[in-house]
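In what follows, a single structure is set out as structure tokens and then discussed.
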Amino acid sequence: MVRFKLNGEEVEAPKGSLLIRIAHDRGIDVPFFCYHPGLTPEGNCRMCLVEASNSRKPVPACTTPVAEGIEVQTHSEAAKSARADVLEFMLVNHPLDCPICDKSGECMLQDHAYDHGKDRSRMVEQKELKHTKDLGNDVHLWGNRCIVCTRCVRFCDEVAGTGELTVVERGDHSVIDVFPGYPLQNPLSGNVVDICPVGALIDKDFLYEARVWYEKKTDTVCNSCARGCNIEVQTLHNKVKRLVPRHNPDVNGYWMCDHGRYDYKHILGPNRWLRYRLGDSSAPGEAADYVQRGLAAVIEENGPQAIGGVISGFATLETVYLFRRLFESRGVAAENLAARARPDGEEEVFPGFRISADKNPNRTGVQRILGHDAFEREAGLLEKIRSGTVRGLVLFSDLPGCPLEDRWIEVLEKLDFAVVVLLEGDDRLPESTGIIPATAFSEKEGSIINEDDRLQLLNKATELPRGILPEYEILQEALRLGGYRRAQMSAAGIFQELGTVIPELGEKSRRDVGAAGIPLKEPVVPAGGGS
């Protein structure tokens, strides 16, 4: 530890700590562009200049380590004047096209120019023009806005390890570019848009879609794989506009992959199923009664072992718990409860990140509640239906982009009672099969467990389409109608019951879990999970 003075106050910090981190930890505003806590500091923008007693000139706080006895002033007249000069140089060739720039409202150049810049420009010469082009993977470059902070270059070198981006030319001609014939095409490329401090790198998927100050922003968890990256869902008029990563050092660091970033088009896509088909009725309020009466009729005629259920790796813990209770309360054995999963992909490992091969966000959670062989029981349940042993079925088909396999379509007609919880329309379903619309991930309230046994919360970012009920409400009502539950509870209330099937939770509440989640066993340090 070393002692030094920061703005006149005695401070103790670990030797080698960077001035900018110490200042930020103490709530002191030291502006920056090129610095990012998940990347190697370079000190090339010079926006974080501060005055230090061991230097005659202002020094960059992002690359200057603390030293014993030094005195640092972050807001002295010399430091403020130096930062104002830096900003003037940055704005010399900047087009000042904020009204049409997608970064407007979250642009660091806007904020710093207002807080730390000069009140007018002395630039009278013609501005230097730079190229505007596609870099690859739907990332577009506006070179005129680029301040050459090199965050994107360092990301491709250090985190993705693919090195597609570089700086070309020199002086005020400098700009980001790709090597000829080597476009930006790594599966983490969307992160360069997130970390660009200005509007130089823009995601064409979000181009002119929304002004950020109008959007609602919700903290939740990505549902594209078992990694469970922490994300922020940004919505406008109840439509998802984009997904961006949320920092969690124990899961995804500062990043997310493009597979998860763009996996939201199905939410209100053309294939989304939004209609109840309950025999002769289509009233949402009758869904629970339809399920209760159907199961009761099969049990009365054939006994409890004549019904079965199939949940999915996309259901929340709360839904899986109520699903288990629905059958358990009727005396159904565990072997008649199975689970469906989205097929595995390939694990992708980068120097600073890992994409899981398991494309199911809550596989671990399903196994915790239904047993570790839940996904292996699917074949056995199919065989029982074919042999006529099982006559009634509740089946979840809520895997995005993965319709029911032919083997399930073939056996549905053999059942006396069948209801499918359906996310995307499927013309192959028999007319006799009841259909309950499933909720999409942005509409879910609940919790999931990732592949490292970390429990995390899903928060509802968009409202359910009119008339659609969440699965946990329908399952609760079906239990109540059967006399096995007294009243409806919210997702938060059901969470407190999870301790009966997941002992580590005890009497924990959603508030105890917090925004970063909690480990259910000894934490596993993920490959590249931190920054």
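We label chains A, B, ... in the order they appear in the structure tokens, count residues from 1 in each chain, and number ligands from 1 in the order shown.
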Subject >> All strand (DSSP E) residues (DSSP, backbone) inside region 404-490 of chain A, as JSON, numbers by chain >> reply: {"A": [417, 418, 419, 420, 421, 422, 434, 435, 436, 437, 446, 447, 448, 449, 454, 455, 456, 457, 458]}
**OP:** Write out as JSON, numbers by chain the residues lying within 12 Å of Leu278 (chain A), counting only C-alpha atoms and excluding same-chain residues fewer than 2 positions away.
**Re:** {"A": [275, 276, 280, 281, 282, 283, 284, 285, 286, 287, 288, 289, 290, 291, 292, 293, 294, 417, 418, 419, 420, 421, 431, 432, 433, 434, 435, 436, 437]}
Set out as CSV a contact list for region 296-325 of chain A and region 387-408 of chain A with a cut-off of 7 Å, giving each residue of region 296-325 of chain A that qualifies its closest atom pair and distance in Å to one decimal, counting only C-alpha atoms, ordered by chain and rising residue number.
```
residue,atom,partner,partner_atom,distance
A:Val298,CA,A:Gly392,CA,6.1
A:Gln305,CA,A:Val390,CA,6.8
A:Ala306,CA,A:Val390,CA,4.1
A:Ile307,CA,A:Gly392,CA,4.5
A:Gly308,CA,A:Leu393,CA,5.0
A:Gly309,CA,A:Val394,CA,4.7
A:Val310,CA,A:Leu395,CA,4.7
A:Ile311,CA,A:Phe396,CA,5.1
A:Ser312,CA,A:Phe396,CA,6.0
A:Phe314,CA,A:Leu399,CA,6.6
```
Can I get the selection written as a PDB file, in the first residue's frame, with N, CA and C atoms?
```pdb
ATOM      1  N   VAL A 298     -58.761 -38.039 -17.435  1.00  0.00           N
ATOM      2  CA  VAL A 298     -57.858 -39.147 -17.760  1.00  0.00           C
ATOM      3  C   VAL A 298     -57.543 -39.956 -16.505  1.00  0.00           C
ATOM      4  N   GLN A 305     -51.025 -42.717 -13.354  1.00  0.00           N
ATOM      5  CA  GLN A 305     -49.875 -43.019 -14.213  1.00  0.00           C
ATOM      6  C   GLN A 305     -50.207 -42.925 -15.701  1.00  0.00           C
ATOM      7  N   ALA A 306     -51.468 -42.495 -15.987  1.00  0.00           N
ATOM      8  CA  ALA A 306     -51.862 -42.336 -17.384  1.00  0.00           C
ATOM      9  C   ALA A 306     -51.658 -40.910 -17.882  1.00  0.00           C
ATOM     10  N   ILE A 307     -51.111 -40.045 -17.039  1.00  0.00           N
ATOM     11  CA  ILE A 307     -50.823 -38.687 -17.503  1.00  0.00           C
ATOM     12  C   ILE A 307     -49.327 -38.419 -17.390  1.00  0.00           C
ATOM     13  N   GLY A 308     -48.859 -37.500 -18.234  1.00  0.00           N
ATOM     14  CA  GLY A 308     -47.445 -37.144 -18.243  1.00  0.00           C
ATOM     15  C   GLY A 308     -47.276 -35.688 -18.627  1.00  0.00           C
ATOM     16  N   GLY A 309     -46.085 -35.188 -18.461  1.00  0.00           N
ATOM     17  CA  GLY A 309     -45.808 -33.795 -18.786  1.00  0.00           C
ATOM     18  C   GLY A 309     -44.405 -33.616 -19.313  1.00  0.00           C
ATOM     19  N   VAL A 310     -44.259 -32.633 -20.190  1.00  0.00           N
ATOM     20  CA  VAL A 310     -42.944 -32.301 -20.756  1.00  0.00           C
ATOM     21  C   VAL A 310     -42.743 -30.792 -20.645  1.00  0.00           C
ATOM     22  N   ILE A 311     -41.770 -30.388 -19.853  1.00  0.00           N
ATOM     23  CA  ILE A 311     -41.412 -28.983 -19.686  1.00  0.00           C
ATOM     24  C   ILE A 311     -40.236 -28.698 -20.617  1.00  0.00           C
ATOM     25  N   SER A 312     -39.726 -27.463 -20.638  1.00  0.00           N
ATOM     26  CA  SER A 312     -38.588 -27.159 -21.509  1.00  0.00           C
ATOM     27  C   SER A 312     -37.486 -26.451 -20.743  1.00  0.00           C
ATOM     28  N   PHE A 314     -36.405 -23.709 -21.335  1.00  0.00           N
ATOM     29  CA  PHE A 314     -36.629 -22.265 -21.391  1.00  0.00           C
ATOM     30  C   PHE A 314     -37.612 -21.794 -20.330  1.00  0.00           C
TER      31      PHE A 314
END
```
Subject >> Nearest to Val212 (chain A) by atom-to-atom distance, counting only C-alpha atoms, from A:Asp258, A:Glu318, A:Asp102, A:Glu164 >> reply: A:Asp102
**OP:** Please identify all polymer residues within 9 Å of Tyr208 (chain A), counting only C-alpha atoms, omitting same-chain residues fewer than 2 positions from it, and present them as a PyMOL selection string.
**Re:** chain A and resi 100-102+204-206+210-211
Next, dump the selected residues to file, keeping only C-alpha atoms, as a PDB file, in the first residue's frame.
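Result file follows (selection_14.pdb):
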```pdb
ATOM      1  CA  ILE A 100     -29.100  12.331 -36.870  1.00  0.00           C
ATOM      2  CA  CYS A 101     -26.604  10.243 -34.886  1.00  0.00           C
ATOM      3  CA  ASP A 102     -27.812   7.066 -33.162  1.00  0.00           C
ATOM      4  CA  LYS A 204     -27.336  -1.432 -38.565  1.00  0.00           C
ATOM      5  CA  ASP A 205     -29.944  -3.499 -36.700  1.00  0.00           C
ATOM      6  CA  PHE A 206     -30.571  -0.481 -34.419  1.00  0.00           C
ATOM      7  CA  ALA A 210     -35.183   4.794 -31.457  1.00  0.00           C
ATOM      8  CA  ARG A 211     -33.875   7.718 -29.460  1.00  0.00           C
TER       9      ARG A 211
END
```
Original post:
Could you name the residues that touch Pro465 (chain A) at 12 Å or less, counting only C-alpha atoms, but leaving out those on the same chain fewer than 3 positions away, as a list in words?
Top reply: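 The neighbour list is Asn238, Lys239, Ile267, Leu268, Arg272, Trp273, Leu274, Arg275, Pro284, Pro437, Ala438, Thr439, Ala440, Ser442, Glu443, Thr462, Ile468, Leu469 and Pro470 of chain A.
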Using C-alpha atoms, can you export the residues from the last selection as a PDB file, in the first residue's frame?
```
ATOM      1  CA  ASN A 238     -43.563  -2.413 -25.900  1.00  0.00           C
ATOM      2  CA  LYS A 239     -41.210  -3.604 -28.654  1.00  0.00           C
ATOM      3  CA  ILE A 267     -40.886 -12.192 -29.664  1.00  0.00           C
ATOM      4  CA  LEU A 268     -43.427 -10.449 -31.879  1.00  0.00           C
ATOM      5  CA  ARG A 272     -45.630 -16.001 -32.816  1.00  0.00           C
ATOM      6  CA  TRP A 273     -48.733 -17.891 -31.627  1.00  0.00           C
ATOM      7  CA  LEU A 274     -51.136 -15.648 -29.676  1.00  0.00           C
ATOM      8  CA  ARG A 275     -54.474 -17.495 -29.658  1.00  0.00           C
ATOM      9  CA  PRO A 284     -57.828 -17.187 -21.822  1.00  0.00           C
ATOM     10  CA  PRO A 437     -49.803 -19.418 -25.981  1.00  0.00           C
ATOM     11  CA  ALA A 438     -46.339 -19.389 -24.353  1.00  0.00           C
ATOM     12  CA  THR A 439     -44.545 -16.306 -23.090  1.00  0.00           C
ATOM     13  CA  ALA A 440     -41.357 -15.062 -24.744  1.00  0.00           C
ATOM     14  CA  SER A 442     -38.764 -10.542 -22.520  1.00  0.00           C
ATOM     15  CA  GLU A 443     -42.239 -11.177 -21.061  1.00  0.00           C
ATOM     16  CA  THR A 462     -42.295  -6.075 -22.319  1.00  0.00           C
ATOM     17  CA  ILE A 468     -52.200 -13.775 -22.840  1.00  0.00           C
ATOM     18  CA  LEU A 469     -51.574 -15.150 -19.340  1.00  0.00           C
ATOM     19  CA  PRO A 470     -48.155 -16.212 -18.002  1.00  0.00           C
TER      20      PRO A 470
END
```
Original post:
Which residues in region 146-291 of chain A does DSSP call alpha helix (DSSP H)? List them as a list in words.
Top reply: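 Filtering region 146-291 of chain A down to alpha helix (DSSP H) leaves Arg151, Cys152, Val153, Arg154, Phe155, Cys156, Asp157, Glu158, Asn191, Val192, Val193, Asp194, Ile195, Asp258, His259, Gly260, Arg261, Ala287, Ala288, Asp289, Tyr290 and Val291 of chain A.
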Within 6 Å of region 223-235 of chain A, which residues of region 332-393 of chain A come that close, and what is the closest atom pair and distance in Å for each? Count only C-alpha atoms and give it as CSV.
```
residue,atom,partner,partner_atom,distance
A:Ser356,CA,A:Arg227,CA,5.9
A:Asp358,CA,A:Ala226,CA,5.5
A:Lys359,CA,A:Cys225,CA,3.8
A:Asn360,CA,A:Cys225,CA,5.0
A:Pro361,CA,A:Ala226,CA,4.2
```
Hey, what's within 12 Å of region 64-77 of chain A if we count only C-alpha atoms and toss same-chain stuff fewer than 2 positions away? As a PDB file with N, CA and C atoms, in the first residue's frame, please?
```
ATOM      1  N   MET A   1       0.841  -1.196   0.000  1.00  0.00           N
ATOM      2  CA  MET A   1       0.000   0.000   0.000  1.00  0.00           C
ATOM      3  C   MET A   1       0.877   1.248   0.000  1.00  0.00           C
ATOM      4  N   VAL A   2       0.413   2.284  -0.714  1.00  0.00           N
ATOM      5  CA  VAL A   2       1.125   3.565  -0.731  1.00  0.00           C
ATOM      6  C   VAL A   2       0.154   4.666  -0.317  1.00  0.00           C
ATOM      7  N   ARG A   3       0.725   5.729   0.234  1.00  0.00           N
ATOM      8  CA  ARG A   3      -0.081   6.873   0.640  1.00  0.00           C
ATOM      9  C   ARG A   3       0.228   8.053  -0.276  1.00  0.00           C
ATOM     10  N   PHE A   4      -0.826   8.754  -0.687  1.00  0.00           N
ATOM     11  CA  PHE A   4      -0.638   9.952  -1.504  1.00  0.00           C
ATOM     12  C   PHE A   4      -1.834  10.865  -1.288  1.00  0.00           C
ATOM     13  N   LYS A   5      -1.782  12.053  -1.843  1.00  0.00           N
ATOM     14  CA  LYS A   5      -2.868  13.007  -1.689  1.00  0.00           C
ATOM     15  C   LYS A   5      -3.638  13.143  -2.994  1.00  0.00           C
ATOM     16  N   LEU A   6      -4.954  13.054  -2.872  1.00  0.00           N
ATOM     17  CA  LEU A   6      -5.840  13.197  -4.028  1.00  0.00           C
ATOM     18  C   LEU A   6      -6.777  14.352  -3.746  1.00  0.00           C
ATOM     19  N   ASN A   7      -6.589  15.431  -4.495  1.00  0.00           N
ATOM     20  CA  ASN A   7      -7.373  16.659  -4.276  1.00  0.00           C
ATOM     21  C   ASN A   7      -7.290  17.127  -2.822  1.00  0.00           C
ATOM     22  N   GLY A   8      -6.065  17.000  -2.256  1.00  0.00           N
ATOM     23  CA  GLY A   8      -5.820  17.479  -0.903  1.00  0.00           C
ATOM     24  C   GLY A   8      -6.165  16.495   0.193  1.00  0.00           C
ATOM     25  N   GLU A   9      -6.760  15.344  -0.162  1.00  0.00           N
ATOM     26  CA  GLU A   9      -7.149  14.359   0.843  1.00  0.00           C
ATOM     27  C   GLU A   9      -6.154  13.207   0.867  1.00  0.00           C
ATOM     28  N   GLU A  10      -5.756  12.778   2.073  1.00  0.00           N
ATOM     29  CA  GLU A  10      -4.829  11.660   2.220  1.00  0.00           C
ATOM     30  C   GLU A  10      -5.533  10.367   1.808  1.00  0.00           C
ATOM     31  N   VAL A  11      -4.917   9.616   0.889  1.00  0.00           N
ATOM     32  CA  VAL A  11      -5.524   8.393   0.347  1.00  0.00           C
ATOM     33  C   VAL A  11      -4.507   7.254   0.433  1.00  0.00           C
ATOM     34  N   GLU A  12      -4.988   6.057   0.759  1.00  0.00           N
ATOM     35  CA  GLU A  12      -4.146   4.862   0.759  1.00  0.00           C
ATOM     36  C   GLU A  12      -4.681   3.908  -0.305  1.00  0.00           C
ATOM     37  N   ALA A  13      -3.783   3.384  -1.129  1.00  0.00           N
ATOM     38  CA  ALA A  13      -4.208   2.496  -2.216  1.00  0.00           C
ATOM     39  C   ALA A  13      -3.113   1.473  -2.496  1.00  0.00           C
ATOM     40  N   PRO A  14      -3.474   0.330  -3.093  1.00  0.00           N
ATOM     41  CA  PRO A  14      -2.462  -0.673  -3.436  1.00  0.00           C
ATOM     42  C   PRO A  14      -1.442  -0.103  -4.414  1.00  0.00           C
ATOM     43  N   LYS A  15      -0.192  -0.443  -4.205  1.00  0.00           N
ATOM     44  CA  LYS A  15       0.869   0.013  -5.095  1.00  0.00           C
ATOM     45  C   LYS A  15       0.598  -0.470  -6.516  1.00  0.00           C
ATOM     46  N   GLY A  16       0.754   0.428  -7.481  1.00  0.00           N
ATOM     47  CA  GLY A  16       0.527   0.076  -8.875  1.00  0.00           C
ATOM     48  C   GLY A  16      -0.877   0.358  -9.361  1.00  0.00           C
ATOM     49  N   SER A  17      -1.792   0.715  -8.455  1.00  0.00           N
ATOM     50  CA  SER A  17      -3.163   1.039  -8.872  1.00  0.00           C
ATOM     51  C   SER A  17      -3.156   2.266  -9.773  1.00  0.00           C
ATOM     52  N   LEU A  18      -4.061   2.287 -10.734  1.00  0.00           N
ATOM     53  CA  LEU A  18      -4.134   3.419 -11.655  1.00  0.00           C
ATOM     54  C   LEU A  18      -4.908   4.562 -11.019  1.00  0.00           C
ATOM     55  N   LEU A  19      -4.434   5.773 -11.278  1.00  0.00           N
ATOM     56  CA  LEU A  19      -5.061   6.954 -10.710  1.00  0.00           C
ATOM     57  C   LEU A  19      -6.549   7.043 -11.058  1.00  0.00           C
ATOM     58  N   ILE A  20      -6.892   6.700 -12.284  1.00  0.00           N
ATOM     59  CA  ILE A  20      -8.280   6.858 -12.722  1.00  0.00           C
ATOM     60  C   ILE A  20      -9.218   5.935 -11.937  1.00  0.00           C
ATOM     61  N   ARG A  21      -8.742   4.726 -11.626  1.00  0.00           N
ATOM     62  CA  ARG A  21      -9.585   3.797 -10.867  1.00  0.00           C
ATOM     63  C   ARG A  21      -9.774   4.275  -9.425  1.00  0.00           C
ATOM     64  N   ILE A  22      -8.699   4.771  -8.823  1.00  0.00           N
ATOM     65  CA  ILE A  22      -8.804   5.279  -7.461  1.00  0.00           C
ATOM     66  C   ILE A  22      -9.769   6.461  -7.417  1.00  0.00           C
ATOM     67  N   ALA A  23      -9.652   7.361  -8.400  1.00  0.00           N
ATOM     68  CA  ALA A  23     -10.529   8.540  -8.442  1.00  0.00           C
ATOM     69  C   ALA A  23     -11.987   8.129  -8.634  1.00  0.00           C
ATOM     70  N   HIS A  24     -12.245   7.222  -9.580  1.00  0.00           N
ATOM     71  CA  HIS A  24     -13.618   6.793  -9.829  1.00  0.00           C
ATOM     72  C   HIS A  24     -14.206   6.064  -8.629  1.00  0.00           C
ATOM     73  N   GLY A  27     -15.661   8.432  -6.333  1.00  0.00           N
ATOM     74  CA  GLY A  27     -16.716   9.295  -6.857  1.00  0.00           C
ATOM     75  C   GLY A  27     -16.229  10.576  -7.499  1.00  0.00           C
ATOM     76  N   ILE A  28     -14.942  10.632  -7.865  1.00  0.00           N
ATOM     77  CA  ILE A  28     -14.383  11.831  -8.495  1.00  0.00           C
ATOM     78  C   ILE A  28     -14.497  11.684 -10.017  1.00  0.00           C
ATOM     79  N   ASP A  29     -15.058  12.692 -10.665  1.00  0.00           N
ATOM     80  CA  ASP A  29     -15.290  12.647 -12.105  1.00  0.00           C
ATOM     81  C   ASP A  29     -14.016  12.985 -12.866  1.00  0.00           C
ATOM     82  N   VAL A  30     -13.336  11.951 -13.344  1.00  0.00           N
ATOM     83  CA  VAL A  30     -12.212  12.138 -14.253  1.00  0.00           C
ATOM     84  C   VAL A  30     -12.673  11.649 -15.625  1.00  0.00           C
ATOM     85  N   PRO A  31     -12.887  12.548 -16.579  1.00  0.00           N
ATOM     86  CA  PRO A  31     -13.437  12.142 -17.888  1.00  0.00           C
ATOM     87  C   PRO A  31     -12.443  11.306 -18.684  1.00  0.00           C
ATOM     88  N   PRO A  41      -5.289  -0.337 -20.695  1.00  0.00           N
ATOM     89  CA  PRO A  41      -5.238   1.117 -20.891  1.00  0.00           C
ATOM     90  C   PRO A  41      -4.144   1.516 -21.875  1.00  0.00           C
ATOM     91  N   GLU A  42      -4.449   2.538 -22.689  1.00  0.00           N
ATOM     92  CA  GLU A  42      -3.469   3.000 -23.676  1.00  0.00           C
ATOM     93  C   GLU A  42      -3.098   4.464 -23.498  1.00  0.00           C
ATOM     94  N   GLY A  43      -4.016   5.250 -22.979  1.00  0.00           N
ATOM     95  CA  GLY A  43      -3.715   6.655 -22.735  1.00  0.00           C
ATOM     96  C   GLY A  43      -3.550   7.470 -23.987  1.00  0.00           C
ATOM     97  N   ARG A  46      -5.997  11.225 -24.104  1.00  0.00           N
ATOM     98  CA  ARG A  46      -5.514  12.295 -23.210  1.00  0.00           C
ATOM     99  C   ARG A  46      -6.646  13.067 -22.535  1.00  0.00           C
ATOM    100  N   MET A  47      -7.840  12.515 -22.536  1.00  0.00           N
ATOM    101  CA  MET A  47      -8.965  13.221 -21.923  1.00  0.00           C
ATOM    102  C   MET A  47      -8.898  13.176 -20.399  1.00  0.00           C
ATOM    103  N   CYS A  48      -8.185  12.199 -19.857  1.00  0.00           N
ATOM    104  CA  CYS A  48      -8.150  12.029 -18.403  1.00  0.00           C
ATOM    105  C   CYS A  48      -6.936  12.714 -17.775  1.00  0.00           C
ATOM    106  N   LEU A  49      -6.418  13.755 -18.402  1.00  0.00           N
ATOM    107  CA  LEU A  49      -5.238  14.445 -17.880  1.00  0.00           C
ATOM    108  C   LEU A  49      -5.509  15.049 -16.499  1.00  0.00           C
ATOM    109  N   VAL A  50      -4.568  14.810 -15.585  1.00  0.00           N
ATOM    110  CA  VAL A  50      -4.626  15.387 -14.237  1.00  0.00           C
ATOM    111  C   VAL A  50      -3.267  15.975 -13.910  1.00  0.00           C
ATOM    112  N   GLU A  51      -3.238  16.776 -12.868  1.00  0.00           N
ATOM    113  CA  GLU A  51      -1.974  17.386 -12.453  1.00  0.00           C
ATOM    114  C   GLU A  51      -1.374  16.557 -11.325  1.00  0.00           C
ATOM    115  N   ALA A  52      -0.091  16.168 -11.467  1.00  0.00           N
ATOM    116  CA  ALA A  52       0.602  15.372 -10.458  1.00  0.00           C
ATOM    117  C   ALA A  52       1.900  16.058 -10.064  1.00  0.00           C
ATOM    118  N   SER A  53       2.257  15.953  -8.792  1.00  0.00           N
ATOM    119  CA  SER A  53       3.426  16.675  -8.275  1.00  0.00           C
ATOM    120  C   SER A  53       4.742  16.126  -8.809  1.00  0.00           C
ATOM    121  N   ASN A  54       4.742  14.883  -9.327  1.00  0.00           N
ATOM    122  CA  ASN A  54       5.996  14.312  -9.831  1.00  0.00           C
ATOM    123  C   ASN A  54       6.158  14.500 -11.338  1.00  0.00           C
ATOM    124  N   SER A  55       5.356  15.411 -11.928  1.00  0.00           N
ATOM    125  CA  SER A  55       5.478  15.681 -13.361  1.00  0.00           C
ATOM    126  C   SER A  55       5.235  17.165 -13.623  1.00  0.00           C
ATOM    127  N   PRO A  58       0.742  17.830 -17.266  1.00  0.00           N
ATOM    128  CA  PRO A  58      -0.394  16.965 -16.887  1.00  0.00           C
ATOM    129  C   PRO A  58      -0.158  15.540 -17.372  1.00  0.00           C
ATOM    130  N   VAL A  59      -0.600  14.577 -16.586  1.00  0.00           N
ATOM    131  CA  VAL A  59      -0.381  13.163 -16.910  1.00  0.00           C
ATOM    132  C   VAL A  59      -1.727  12.467 -17.106  1.00  0.00           C
ATOM    133  N   PRO A  60      -1.793  11.434 -17.970  1.00  0.00           N
ATOM    134  CA  PRO A  60      -3.040  10.690 -18.155  1.00  0.00           C
ATOM    135  C   PRO A  60      -3.311   9.774 -16.956  1.00  0.00           C
ATOM    136  N   ALA A  61      -4.452   9.939 -16.331  1.00  0.00           N
ATOM    137  CA  ALA A  61      -4.767   9.168 -15.121  1.00  0.00           C
ATOM    138  C   ALA A  61      -4.966   7.697 -15.409  1.00  0.00           C
ATOM    139  N   CYS A  62      -5.279   7.338 -16.671  1.00  0.00           N
ATOM    140  CA  CYS A  62      -5.580   5.934 -16.982  1.00  0.00           C
ATOM    141  C   CYS A  62      -4.342   5.066 -17.106  1.00  0.00           C
ATOM    142  N   ALA A  79      -5.295  21.221 -15.105  1.00  0.00           N
ATOM    143  CA  ALA A  79      -5.917  19.993 -15.590  1.00  0.00           C
ATOM    144  C   ALA A  79      -7.150  20.298 -16.427  1.00  0.00           C
ATOM    145  N   LYS A  80      -7.975  21.218 -15.956  1.00  0.00           N
ATOM    146  CA  LYS A  80      -9.192  21.552 -16.694  1.00  0.00           C
ATOM    147  C   LYS A  80      -8.867  22.202 -18.039  1.00  0.00           C
ATOM    148  N   SER A  81      -7.860  23.041 -18.061  1.00  0.00           N
ATOM    149  CA  SER A  81      -7.463  23.688 -19.311  1.00  0.00           C
ATOM    150  C   SER A  81      -6.916  22.667 -20.310  1.00  0.00           C
ATOM    151  N   ALA A  82      -6.128  21.706 -19.806  1.00  0.00           N
ATOM    152  CA  ALA A  82      -5.573  20.673 -20.684  1.00  0.00           C
ATOM    153  C   ALA A  82      -6.691  19.822 -21.298  1.00  0.00           C
ATOM    154  N   ARG A  83      -7.689  19.465 -20.507  1.00  0.00           N
ATOM    155  CA  ARG A  83      -8.800  18.654 -21.023  1.00  0.00           C
ATOM    156  C   ARG A  83      -9.627  19.445 -22.034  1.00  0.00           C
ATOM    157  N   ALA A  84      -9.811  20.727 -21.781  1.00  0.00           N
ATOM    158  CA  ALA A  84     -10.548  21.560 -22.735  1.00  0.00           C
ATOM    159  C   ALA A  84      -9.816  21.645 -24.068  1.00  0.00           C
ATOM    160  N   HIS A 116     -16.805  19.648 -19.865  1.00  0.00           N
ATOM    161  CA  HIS A 116     -15.372  19.947 -19.747  1.00  0.00           C
ATOM    162  C   HIS A 116     -14.809  20.752 -20.923  1.00  0.00           C
TER     163      HIS A 116
END
```
Original post:
Which residues come within 12 Å of Ala200 (chain A), counting only C-alpha atoms, excluding same-chain residues fewer than 2 positions away, as JSON, numbers by chain?
Top reply: {"A": [94, 95, 96, 97, 98, 101, 102, 103, 104, 107, 108, 109, 130, 131, 132, 133, 134, 135, 139, 140, 141, 142, 143, 144, 145, 146, 147, 148, 149, 150, 151, 152, 175, 176, 177, 192, 193, 194, 195, 196, 197, 198, 202, 203]}
Could the residues in this selection be saved with C-alpha atoms as a tab-separated table (two decimals), in the first residue's frame?
```
chain	number	residue	atom	x	y	z
A	94	HIS	CA	-16.03	16.13	-35.99
A	95	PRO	CA	-19.17	16.65	-38.12
A	96	LEU	CA	-21.36	17.71	-35.15
A	97	ASP	CA	-24.27	15.72	-36.61
A	98	CYS	CA	-25.85	14.88	-33.24
A	101	CYS	CA	-26.60	10.24	-34.89
A	102	ASP	CA	-27.81	7.07	-33.16
A	103	LYS	CA	-25.35	7.64	-30.31
A	104	SER	CA	-27.04	10.90	-29.38
A	107	CYS	CA	-22.46	9.92	-26.41
A	108	MET	CA	-19.44	10.59	-24.22
A	109	LEU	CA	-18.26	13.32	-26.60
A	130	LYS	CA	-13.04	10.27	-43.68
A	131	HIS	CA	-14.61	7.15	-45.11
A	132	THR	CA	-18.07	5.76	-44.25
A	133	LYS	CA	-18.38	2.03	-44.89
A	134	ASP	CA	-19.59	-1.39	-43.77
A	135	LEU	CA	-16.99	-3.17	-41.66
A	139	VAL	CA	-21.43	-2.93	-38.09
A	140	HIS	CA	-21.21	0.35	-39.99
A	141	LEU	CA	-18.44	2.94	-39.63
A	142	TRP	CA	-18.95	6.71	-39.78
A	143	GLY	CA	-15.29	7.71	-40.03
A	144	ASN	CA	-15.98	11.44	-39.64
A	145	ARG	CA	-17.21	10.81	-36.09
A	146	CYS	CA	-14.26	8.59	-35.08
A	147	ILE	CA	-11.95	10.01	-32.38
A	148	VAL	CA	-9.47	7.10	-32.77
A	149	CYS	CA	-9.72	6.00	-29.14
A	150	THR	CA	-8.86	2.42	-30.35
A	151	ARG	CA	-11.26	0.75	-27.92
A	152	CYS	CA	-12.65	-1.35	-30.80
A	175	VAL	CA	-9.41	6.37	-38.81
A	176	ILE	CA	-10.49	2.82	-37.98
A	177	ASP	CA	-10.65	0.29	-40.82
A	192	VAL	CA	-17.43	-2.77	-30.53
A	193	VAL	CA	-20.62	-0.74	-31.02
A	194	ASP	CA	-21.34	-0.80	-27.28
A	195	ILE	CA	-17.88	0.42	-26.30
A	196	CYS	CA	-17.51	3.07	-29.02
A	197	PRO	CA	-17.69	6.33	-27.01
A	198	VAL	CA	-19.08	8.28	-29.97
A	202	ILE	CA	-23.25	1.85	-35.38
A	203	ASP	CA	-25.21	-1.40	-35.40
```
Original post:
At what distance in Å, to one decimal, does CA of Glu348 (chain A) lie from CA of Gly514 (chain A)?
Top reply: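 Going from CA of Gly514 (chain A) over to CA of Glu348 (chain A) covers 28.7 Å.
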**OP:** Would you work out the distance separating CA of His36 (chain A) from CA of Lys118 (chain A), expressed in Å to one decimal?
**Re:**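 Pair CA of His36 (chain A) / CA of Lys118 (chain A) returns 24.8 Å.
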Original post:
Distance CA of Ala357 (chain A)-CA of Asp344 (chain A), one decimal place?
Top reply: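 One can read the CA of Ala357 (chain A) to CA of Asp344 (chain A) distance as 5.4 Å.
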Original post:
Could you name the residues that touch Leu457 (chain A) at 10 Å or less, counting only C-alpha atoms, but leaving out those on the same chain fewer than 4 positions away, as a ChimeraX atom specification?
Top reply: /A:219-221,228,230,316-317,444-449,510-511,513-518
**OP:** Find the residue from A:Leu295, A:Leu475, A:Gly181, A:Ala113 that sits nearest to Leu415 (chain A); use only C-alpha atoms when measuring.
**Re:**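 Looking only at the distances to Leu415 (chain A), the closest residue turns out to be A:Leu295.
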